[in-house]
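This report refers to the structure that appears directly beneath it.
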Amino acid sequence: MPEIIPNLWFDGQAEEAARFYAGLFPNSQIDHIMHAPSDNPVASPGTVLYVEFTLNGQRYGAINGGPTFTLSEAISLVVACQDQAEIDHYWDALGADGGTHSQCGWLKDRFGLSWQIQPAHMQRLVAGPSAEGSARAFQAMLGMTKLDISELEAAYAGPR
C-alpha cells in the first residue's frame, strides 16, 4: 500500500515551520530540504523549495509555493493529549508568537496552520455511550477556548 504524505503550502516559511514543528513534537525530525538549483526559473539559487519532515512518526511535506494558496481551517491537525499538562503545553507553544486561539480547542499557529488540541478520549466524551453525558460534555466544550479535561469529564458525568 502506498504511503500518504500530507503536503502543507507555505509562502516562504516552509523550513521555519517544519523546524518549529519538529522541535515541538517527540519522535520528529527534518528529513530533507530541497533547495532551488542555479537554473530554477522561479526561485533564487539556494532558496528552500520543499522540506520533508516527520512529526511523531508521520511524514509531511512543506512547500514554499508562494502566496497563491493559503492554509485554512479546511485542514487541521489534531493533537490527542493524554492529560491537561499536554493540552496546556501544545496550546501554549502552538499559539505563541502570533498564533490565534478559537473555541472548542482550535487554534491557528503563527504560520496559519490550524490545530485541534484535545483530550485523547474526546470522542468518548462527546459521542460516548451516555447520550445525556455526551450532550453535556459537548455543551461544555462549546463554552471553552482551551479545553479543560476535568470540566469536560465532570460535564459528562453530570450532577452528583
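Ordered as shown in the C-alpha cells, chains take letters A, B, and onward, while each chain numbers its residues from 1 and ligands are numbered from 1 in the order shown.
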Write down as an mmCIF file with C-alpha atoms, in the first residue's frame the residues belonging to range 12-159 of chain A that are assigned strand (DSSP E) by DSSP computed on the backbone.
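As written to disk, out37.cif reads:
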```cif
data_model
loop_
_atom_site.group_PDB
_atom_site.id
_atom_site.type_symbol
_atom_site.label_atom_id
_atom_site.label_comp_id
_atom_site.auth_asym_id
_atom_site.auth_seq_id
_atom_site.Cartn_x
_atom_site.Cartn_y
_atom_site.Cartn_z
ATOM 1 C CA GLN A 29 12.900 15.431 12.612
ATOM 2 C CA ILE A 30 13.743 17.243 9.397
ATOM 3 C CA ASP A 31 14.302 14.540 6.777
ATOM 4 C CA HIS A 32 15.308 16.501 3.682
ATOM 5 C CA ILE A 33 15.471 20.074 2.433
ATOM 6 C CA MET A 34 15.340 20.707 -1.306
ATOM 7 C CA HIS A 35 16.934 23.961 -2.493
ATOM 8 C CA VAL A 48 14.256 26.424 0.039
ATOM 9 C CA LEU A 49 11.607 24.917 -2.222
ATOM 10 C CA TYR A 50 10.448 21.896 -0.252
ATOM 11 C CA VAL A 51 11.004 20.327 3.164
ATOM 12 C CA GLU A 52 10.307 16.721 4.094
ATOM 13 C CA PHE A 53 9.852 16.229 7.820
ATOM 14 C CA THR A 54 8.479 13.755 10.339
ATOM 15 C CA LEU A 55 6.154 14.608 13.229
ATOM 16 C CA GLN A 58 4.138 10.703 10.474
ATOM 17 C CA ARG A 59 5.828 12.078 7.347
ATOM 18 C CA TYR A 60 4.857 15.507 5.994
ATOM 19 C CA GLY A 61 5.924 17.785 3.215
ATOM 20 C CA ALA A 62 6.119 21.581 3.257
ATOM 21 C CA ILE A 63 6.306 23.507 0.019
ATOM 22 C CA ASN A 64 7.209 27.151 -0.397
ATOM 23 C CA SER A 76 -6.303 20.835 10.625
ATOM 24 C CA LEU A 77 -4.070 18.586 12.656
ATOM 25 C CA VAL A 78 -5.451 17.026 15.833
ATOM 26 C CA VAL A 79 -3.156 16.660 18.828
ATOM 27 C CA ALA A 80 -4.680 13.959 21.048
ATOM 28 C CA CYS A 81 -3.306 14.753 24.508
ATOM 29 C CA THR A 100 -4.712 32.815 17.289
ATOM 30 C CA HIS A 101 -6.978 30.872 19.618
ATOM 31 C CA TRP A 106 -8.970 25.071 17.924
ATOM 32 C CA LEU A 107 -6.092 27.416 17.174
ATOM 33 C CA LYS A 108 -4.019 28.650 14.267
ATOM 34 C CA SER A 114 -4.981 25.005 12.139
ATOM 35 C CA TRP A 115 -4.700 22.634 15.088
ATOM 36 C CA GLN A 116 -7.177 20.946 17.389
ATOM 37 C CA ILE A 117 -5.714 20.415 20.848
ATOM 38 C CA GLN A 118 -7.930 17.933 22.631
ATOM 39 C CA PRO A 119 -8.002 15.047 25.104
#
```
Report task. Could you give me, as an MDAnalysis selection string, the residues within 12 Å of range 125-137 of chain A, counting only C-alpha atoms and dropping anything in the same chain fewer than 3 positions from it? Result -> chainID A and resid 104 118:122 140:144 147:159
Requested in this report: Name the residues of range 27-158 of chain A that come out as alpha helix (DSSP H) in a backbone DSSP run; write them as a VMD selection string.
Outcome: chain A and resid 84 to 95 122 to 127 131 to 142 149 to 157
Query - Computed interatomic separation between CA of Leu71 in chain A and CA of Ser38 in chain A (Å) - result: 28.9 Å
Report task. Find the residues near Phe20 in chain A: any atom within 10 Å, counting only C-alpha atoms, skip ones fewer than 6 places away on the same chain, and give them as number ranges by chain. Result -> A: 14, 93-94
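In this structure, CA of Gly105 in chain A sits 21.8 Å away from CA of Pro6 in chain A.
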